[in-house]
Structure formats: C-alpha cells, structure tokens
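K.L.:
This is upload_20.cif, which holds mmCIF, C-alpha atoms:
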```cif
data_model
loop_
_atom_site.group_PDB
_atom_site.id
_atom_site.type_symbol
_atom_site.label_atom_id
_atom_site.label_comp_id
_atom_site.auth_asym_id
_atom_site.auth_seq_id
_atom_site.Cartn_x
_atom_site.Cartn_y
_atom_site.Cartn_z
ATOM 1 C CA MET A 9 0.300 -23.963 16.974
ATOM 2 C CA LEU A 10 2.119 -23.802 13.642
ATOM 3 C CA MET A 11 5.396 -24.910 15.228
ATOM 4 C CA GLU A 12 3.682 -27.778 17.016
ATOM 5 C CA GLN A 13 2.030 -29.030 13.818
ATOM 6 C CA GLY A 14 5.257 -28.708 11.854
ATOM 7 C CA LYS A 15 7.423 -30.515 14.420
ATOM 8 C CA ASP A 16 7.174 -33.858 12.591
ATOM 9 C CA TYR A 17 8.248 -32.150 9.359
ATOM 10 C CA GLY A 18 11.357 -30.517 10.779
ATOM 11 C CA ILE A 19 9.959 -26.978 10.898
ATOM 12 C CA ILE A 20 12.377 -24.340 12.152
ATOM 13 C CA ASN A 21 12.340 -20.579 12.576
ATOM 14 C CA ALA A 22 13.882 -18.801 9.608
ATOM 15 C CA GLY A 23 14.776 -15.133 9.775
ATOM 16 C CA TYR A 24 14.727 -12.461 7.115
ATOM 17 C CA PHE A 25 18.215 -13.168 5.768
ATOM 18 C CA ALA A 26 17.529 -16.896 5.497
ATOM 19 C CA GLN A 27 14.350 -16.142 3.554
ATOM 20 C CA ARG A 28 16.281 -13.770 1.288
ATOM 21 C CA THR A 29 18.839 -16.457 0.461
ATOM 22 C CA LEU A 30 16.148 -19.068 -0.108
ATOM 23 C CA ARG A 31 14.264 -16.801 -2.536
ATOM 24 C CA ILE A 32 17.438 -16.376 -4.580
ATOM 25 C CA GLU A 33 18.020 -20.128 -4.745
ATOM 26 C CA ARG A 34 14.408 -20.645 -5.865
ATOM 27 C CA MET A 35 14.721 -17.759 -8.352
ATOM 28 C CA TYR A 36 11.929 -15.724 -6.780
ATOM 29 C CA PRO A 37 12.327 -12.072 -7.774
ATOM 30 C CA SER A 38 11.974 -9.406 -5.123
ATOM 31 C CA TRP A 39 9.776 -6.343 -5.668
ATOM 32 C CA GLY A 40 11.828 -3.169 -5.649
ATOM 33 C CA HIS A 41 15.091 -5.094 -5.756
ATOM 34 C CA ASP A 42 14.897 -7.248 -8.897
ATOM 35 C CA ILE A 43 11.641 -6.058 -10.408
ATOM 36 C CA ASP A 44 9.455 -2.973 -10.704
ATOM 37 C CA LYS A 45 6.171 -1.908 -12.296
ATOM 38 C CA LYS A 46 7.651 -2.190 -15.814
ATOM 39 C CA THR A 47 8.685 -5.851 -15.401
ATOM 40 C CA THR A 48 6.403 -8.363 -17.118
ATOM 41 C CA PRO A 49 5.925 -12.122 -16.731
ATOM 42 C CA TYR A 50 7.899 -12.550 -19.971
ATOM 43 C CA HIS A 51 10.924 -10.772 -18.475
ATOM 44 C CA LEU A 52 10.744 -13.163 -15.511
ATOM 45 C CA ASN A 53 10.235 -16.373 -17.544
ATOM 46 C CA ARG A 54 6.769 -16.703 -15.990
ATOM 47 C CA GLU A 55 4.795 -16.555 -19.237
ATOM 48 C CA TYR A 56 3.062 -19.819 -18.299
ATOM 49 C CA HIS A 57 1.154 -17.831 -15.624
ATOM 50 C CA ILE A 58 -0.601 -15.718 -18.268
ATOM 51 C CA SER A 59 -4.102 -16.776 -19.270
ATOM 52 C CA TYR A 60 -5.292 -15.004 -22.376
ATOM 53 C CA ASP A 61 -8.779 -16.536 -22.033
ATOM 54 C CA GLU A 62 -9.990 -13.504 -20.068
ATOM 55 C CA ASN A 63 -9.650 -9.763 -20.662
ATOM 56 C CA PHE A 64 -7.285 -7.845 -18.402
ATOM 57 C CA ILE A 65 -5.597 -4.437 -18.459
ATOM 58 C CA ALA A 66 -2.194 -5.436 -19.886
ATOM 59 C CA LYS A 67 -3.425 -8.118 -22.300
ATOM 60 C CA GLU A 68 -2.673 -6.191 -25.514
ATOM 61 C CA ALA A 69 0.745 -5.067 -24.271
ATOM 62 C CA LEU A 70 1.706 -8.626 -23.291
ATOM 63 C CA LEU A 71 0.529 -10.023 -26.632
ATOM 64 C CA LYS A 72 2.655 -7.384 -28.378
ATOM 65 C CA GLN A 73 5.669 -8.273 -26.229
ATOM 66 C CA GLN A 74 5.122 -11.953 -26.997
ATOM 67 C CA GLN A 75 5.052 -11.188 -30.722
ATOM 68 C CA ASP A 76 7.909 -8.636 -30.807
ATOM 69 C CA GLY A 77 10.253 -10.346 -28.354
ATOM 70 C CA MET A 78 12.204 -8.534 -25.670
ATOM 71 C CA GLN A 79 15.603 -7.108 -24.858
ATOM 72 C CA LYS A 80 15.986 -8.370 -21.276
ATOM 73 C CA ARG A 81 15.365 -11.561 -19.344
ATOM 74 C CA PHE A 82 15.741 -12.498 -15.665
ATOM 75 C CA VAL A 83 18.462 -15.115 -15.272
ATOM 76 C CA GLN A 84 19.925 -17.132 -12.424
ATOM 77 C CA PHE A 85 23.712 -17.521 -12.415
ATOM 78 C CA LEU A 86 25.553 -20.329 -10.667
ATOM 79 C CA PHE A 87 29.307 -19.940 -10.331
ATOM 80 C CA GLU A 88 31.490 -22.723 -11.655
ATOM 81 C CA ASN A 89 34.430 -22.021 -9.319
ATOM 82 C CA HIS A 90 34.824 -19.129 -6.936
ATOM 83 C CA ASN A 91 35.646 -18.335 -3.348
ATOM 84 C CA LEU A 92 34.016 -14.901 -3.104
ATOM 85 C CA GLU A 93 30.373 -14.119 -2.589
ATOM 86 C CA PRO A 94 28.905 -11.303 -4.656
ATOM 87 C CA SER A 95 26.677 -8.835 -2.847
ATOM 88 C CA SER A 96 24.828 -7.238 -5.760
ATOM 89 C CA GLY A 97 25.682 -4.664 -8.361
ATOM 90 C CA GLU A 98 28.556 -6.653 -9.856
ATOM 91 C CA PRO A 99 28.839 -6.464 -13.658
ATOM 92 C CA ILE A 100 27.592 -9.370 -15.806
ATOM 93 C CA TYR A 101 29.466 -10.140 -19.028
ATOM 94 C CA ARG A 102 27.976 -12.106 -21.911
ATOM 95 C CA ASN A 103 30.574 -13.388 -24.393
ATOM 96 C CA GLY A 104 33.026 -10.887 -22.925
ATOM 97 C CA GLU A 105 30.741 -7.838 -23.253
ATOM 98 C CA PHE A 106 28.985 -6.053 -20.395
ATOM 99 C CA CYS A 107 25.226 -6.698 -20.422
ATOM 100 C CA GLU A 108 23.850 -5.803 -16.925
ATOM 101 C CA PHE A 109 24.477 -5.895 -13.157
ATOM 102 C CA VAL A 110 23.819 -8.648 -10.603
ATOM 103 C CA SER A 111 20.730 -7.914 -8.506
ATOM 104 C CA ALA A 112 21.187 -10.552 -5.808
ATOM 105 C CA ALA A 113 24.004 -12.560 -4.254
ATOM 106 C CA TYR A 114 25.162 -16.155 -3.616
ATOM 107 C CA VAL A 115 23.386 -17.825 -6.478
ATOM 108 C CA CYS A 116 23.239 -14.624 -8.476
ATOM 109 C CA LEU A 117 20.127 -13.224 -10.044
ATOM 110 C CA GLY A 118 20.194 -10.553 -12.682
ATOM 111 C CA PHE A 119 18.802 -9.416 -15.987
ATOM 112 C CA VAL A 120 20.594 -10.046 -19.263
ATOM 113 C CA HIS A 121 20.062 -7.288 -21.817
ATOM 114 C CA ALA A 122 20.381 -7.850 -25.564
ATOM 115 C CA PRO A 123 21.369 -5.248 -28.128
ATOM 116 C CA SER A 124 18.389 -3.655 -29.864
ATOM 117 C CA SER A 125 19.147 -5.734 -32.966
ATOM 118 C CA GLU A 126 18.560 -9.011 -31.088
ATOM 119 C CA LYS A 127 15.711 -10.558 -29.101
ATOM 120 C CA ILE A 128 16.285 -12.568 -25.961
ATOM 121 C CA THR A 129 15.194 -16.181 -26.074
ATOM 122 C CA VAL A 130 16.172 -19.183 -23.991
ATOM 123 C CA ASN A 131 18.649 -20.087 -26.739
ATOM 124 C CA TYR A 132 20.122 -16.576 -26.584
ATOM 125 C CA ASN A 133 21.022 -17.281 -22.957
ATOM 126 C CA ARG A 134 22.120 -20.875 -23.585
ATOM 127 C CA GLY A 135 24.381 -19.994 -26.497
ATOM 128 C CA ALA A 136 26.721 -17.716 -24.568
ATOM 129 C CA THR A 137 29.399 -17.766 -21.922
ATOM 130 C CA TYR A 138 28.829 -15.650 -18.830
ATOM 131 C CA GLU A 139 31.137 -14.156 -16.240
ATOM 132 C CA ILE A 140 30.429 -12.113 -13.121
ATOM 133 C CA ASP A 141 32.983 -9.512 -12.073
ATOM 134 C CA ILE A 142 33.663 -9.689 -8.334
ATOM 135 C CA ALA A 143 36.301 -7.303 -7.011
ATOM 136 C CA THR A 144 37.783 -6.871 -10.518
ATOM 137 C CA LYS A 145 38.117 -10.622 -11.122
ATOM 138 C CA GLN A 146 35.756 -12.391 -13.494
ATOM 139 C CA PHE A 147 34.239 -15.749 -12.557
ATOM 140 C CA LYS A 148 32.546 -18.054 -15.051
ATOM 141 C CA ALA A 149 28.879 -18.679 -14.350
ATOM 142 C CA LEU A 150 26.270 -21.110 -15.625
ATOM 143 C CA THR A 151 22.832 -19.728 -16.478
ATOM 144 C CA ASN A 152 19.321 -20.835 -15.720
ATOM 145 C CA VAL A 153 16.166 -19.082 -16.920
ATOM 146 C CA TYR A 154 13.569 -21.182 -15.092
ATOM 147 C CA GLN A 155 13.196 -22.068 -11.441
ATOM 148 C CA PRO A 156 15.033 -25.323 -10.734
ATOM 149 C CA THR A 157 11.866 -26.935 -9.310
ATOM 150 C CA GLU A 158 10.013 -26.296 -12.570
ATOM 151 C CA MET A 159 12.579 -28.330 -14.471
ATOM 152 C CA GLY A 160 12.244 -31.345 -12.215
ATOM 153 C CA PRO A 161 14.849 -32.801 -9.897
ATOM 154 C CA THR A 162 16.862 -34.611 -12.583
ATOM 155 C CA VAL A 163 17.194 -31.805 -15.107
ATOM 156 C CA PRO A 164 20.467 -29.842 -14.790
ATOM 157 C CA LEU A 165 20.723 -26.083 -15.020
ATOM 158 C CA TYR A 166 21.007 -24.702 -18.512
ATOM 159 C CA THR A 167 24.695 -24.559 -19.193
ATOM 160 C CA ASN A 168 26.753 -22.533 -21.591
#
```
I'd like the structure from this file rewritten - as structure tokens, please.
P.N.:
Amino acid sequence: MLMEQGKDYGIINAGYFAQRTLRIERMYPSWGHDIDKKTTPYHLNREYHISYDENFIAKEALLKQQQDGMQKRFVQFLFENHNLEPSSGEPIYRNGEFCEFVSAAYVCLGFVHAPSSEKITVNYNRGATYEIDIATKQFKALTNVYQPTEMGPTVPLYTN
C-alpha cells in the first residue's frame, strides 16, 4: 500500500546501507556509533530542540552546559578534493593538531574536541582549517555544524 501511494512521488526501496549513507549526508547522528548517553543536544548542535519552559530531568545540567560552554561539538566534514572514501576512525586534525576521530564515512561526521582552556563555538569551528587522515595522507575538509536543510537551500556549508 505504501509503495502504491508513493509511486507518483518516485518512491523506491532503500536498504540499510543506503539509509546509513543518507543519515550521514543529513547529519543525523547514530546511537551507539556517533553518540551515547553522555551526548547532549548542545554537543549535536540541536540546542533549538530544548524547551526550558517545562521541568525535566536534565534541565539544570543543560543550563550549566549552556553557561559554561563545552569541549566537543559534532561536525560534518566535506572533502575539498580526494579520491578515497574514509570508513571511520580516521584522525581529524584542526590547524594541524589532532583533535578526534571520524565516526562515519563519505561525508564524514565526527566530534571536534577543544583543549580545556577553550570552549567550542560555531566560530571555533569556522576559524580553523581541517584535514582528515586517510591511509596516512591528509585531505582538506570543509566543516558544517548544522544540518544542510536547516540552513536553507542557498546557504553554503560553513567553510574554513
């Protein structure tokens, strides 16, 4: 029934690996792969989903994180020029210094960690050059901290 109704919209069957690739392109984190129980909406650039109008279990902790800042942020990387596809686990370099590992491939997803003396902001990510190490060769990558669809179709990825 679903396939019949979707025929006019070009619906097709998509398997697990297609869905995995699509989630990476849309910057959807995966439980157990990219995120765990210690990851907050602020780490994932999803702070707009938090409503402080109601009481909830983590409200005080999230308000503290909002006030204090954080040391890591989920980032999407888009390679400028490369002919290899990362798998995951490749090192990420920020301004030439190691800062984390890639957690997903193709359009890479990963966390960027800041030294304890700095807080991660959007400008922290924008104001740096990034490279991903694939098979001992480093490839320049552009960064994006928000899902492309949230920026609108005419807004480019945040570039370094």
K.L.:
Care to translate the PyMOL selection byres ((chain A and resi 96-111) around 9) into actual residues of this file, as a ChimeraX atom specification?
P.N.:
/A:41-42,94-95,112-113,116-123,133,136-143,146
K.L.:
Please provide as a count of residues only all residues within 8 Å of A:Met78, with the sequence filter that same-chain residues fewer than 4 positions apart are discarded (counting all atoms listed in the file).
P.N.:
5
K.L.:
At what distance in Å, to one decimal, does atom CA of A:Asn63 lie from atom CA of A:Tyr154?
P.N.:
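Value for the atom CA of A:Tyr154-atom CA of A:Asn63 distance: 26.5 Å.
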K.L.:
So what do you get for atom CA of A:Ile43 versus atom CA of A:Lys148, distance-wise?
P.N.:
24.5 Å
K.L.:
Would you mind reading off the distance between atom CA of A:Tyr36 and atom CA of A:Gln13, one decimal, in Å?
P.N.:
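Result for atom CA of A:Tyr36 versus atom CA of A:Gln13: 26.4 Å, one decimal.
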K.L.:
As number ranges by chain, please: the residues near A:Asp76 (cut-off 12 Å, all atoms listed in the file, same-chain neighbours under 5 positions excluded).
P.N.:
A: 50, 69-71, 124-129
K.L.:
Can you turn the PyMOL selection byres ((chain A and resi 153) around 8) into a concrete residue list for this file, as a count of residues only?
P.N.:
12
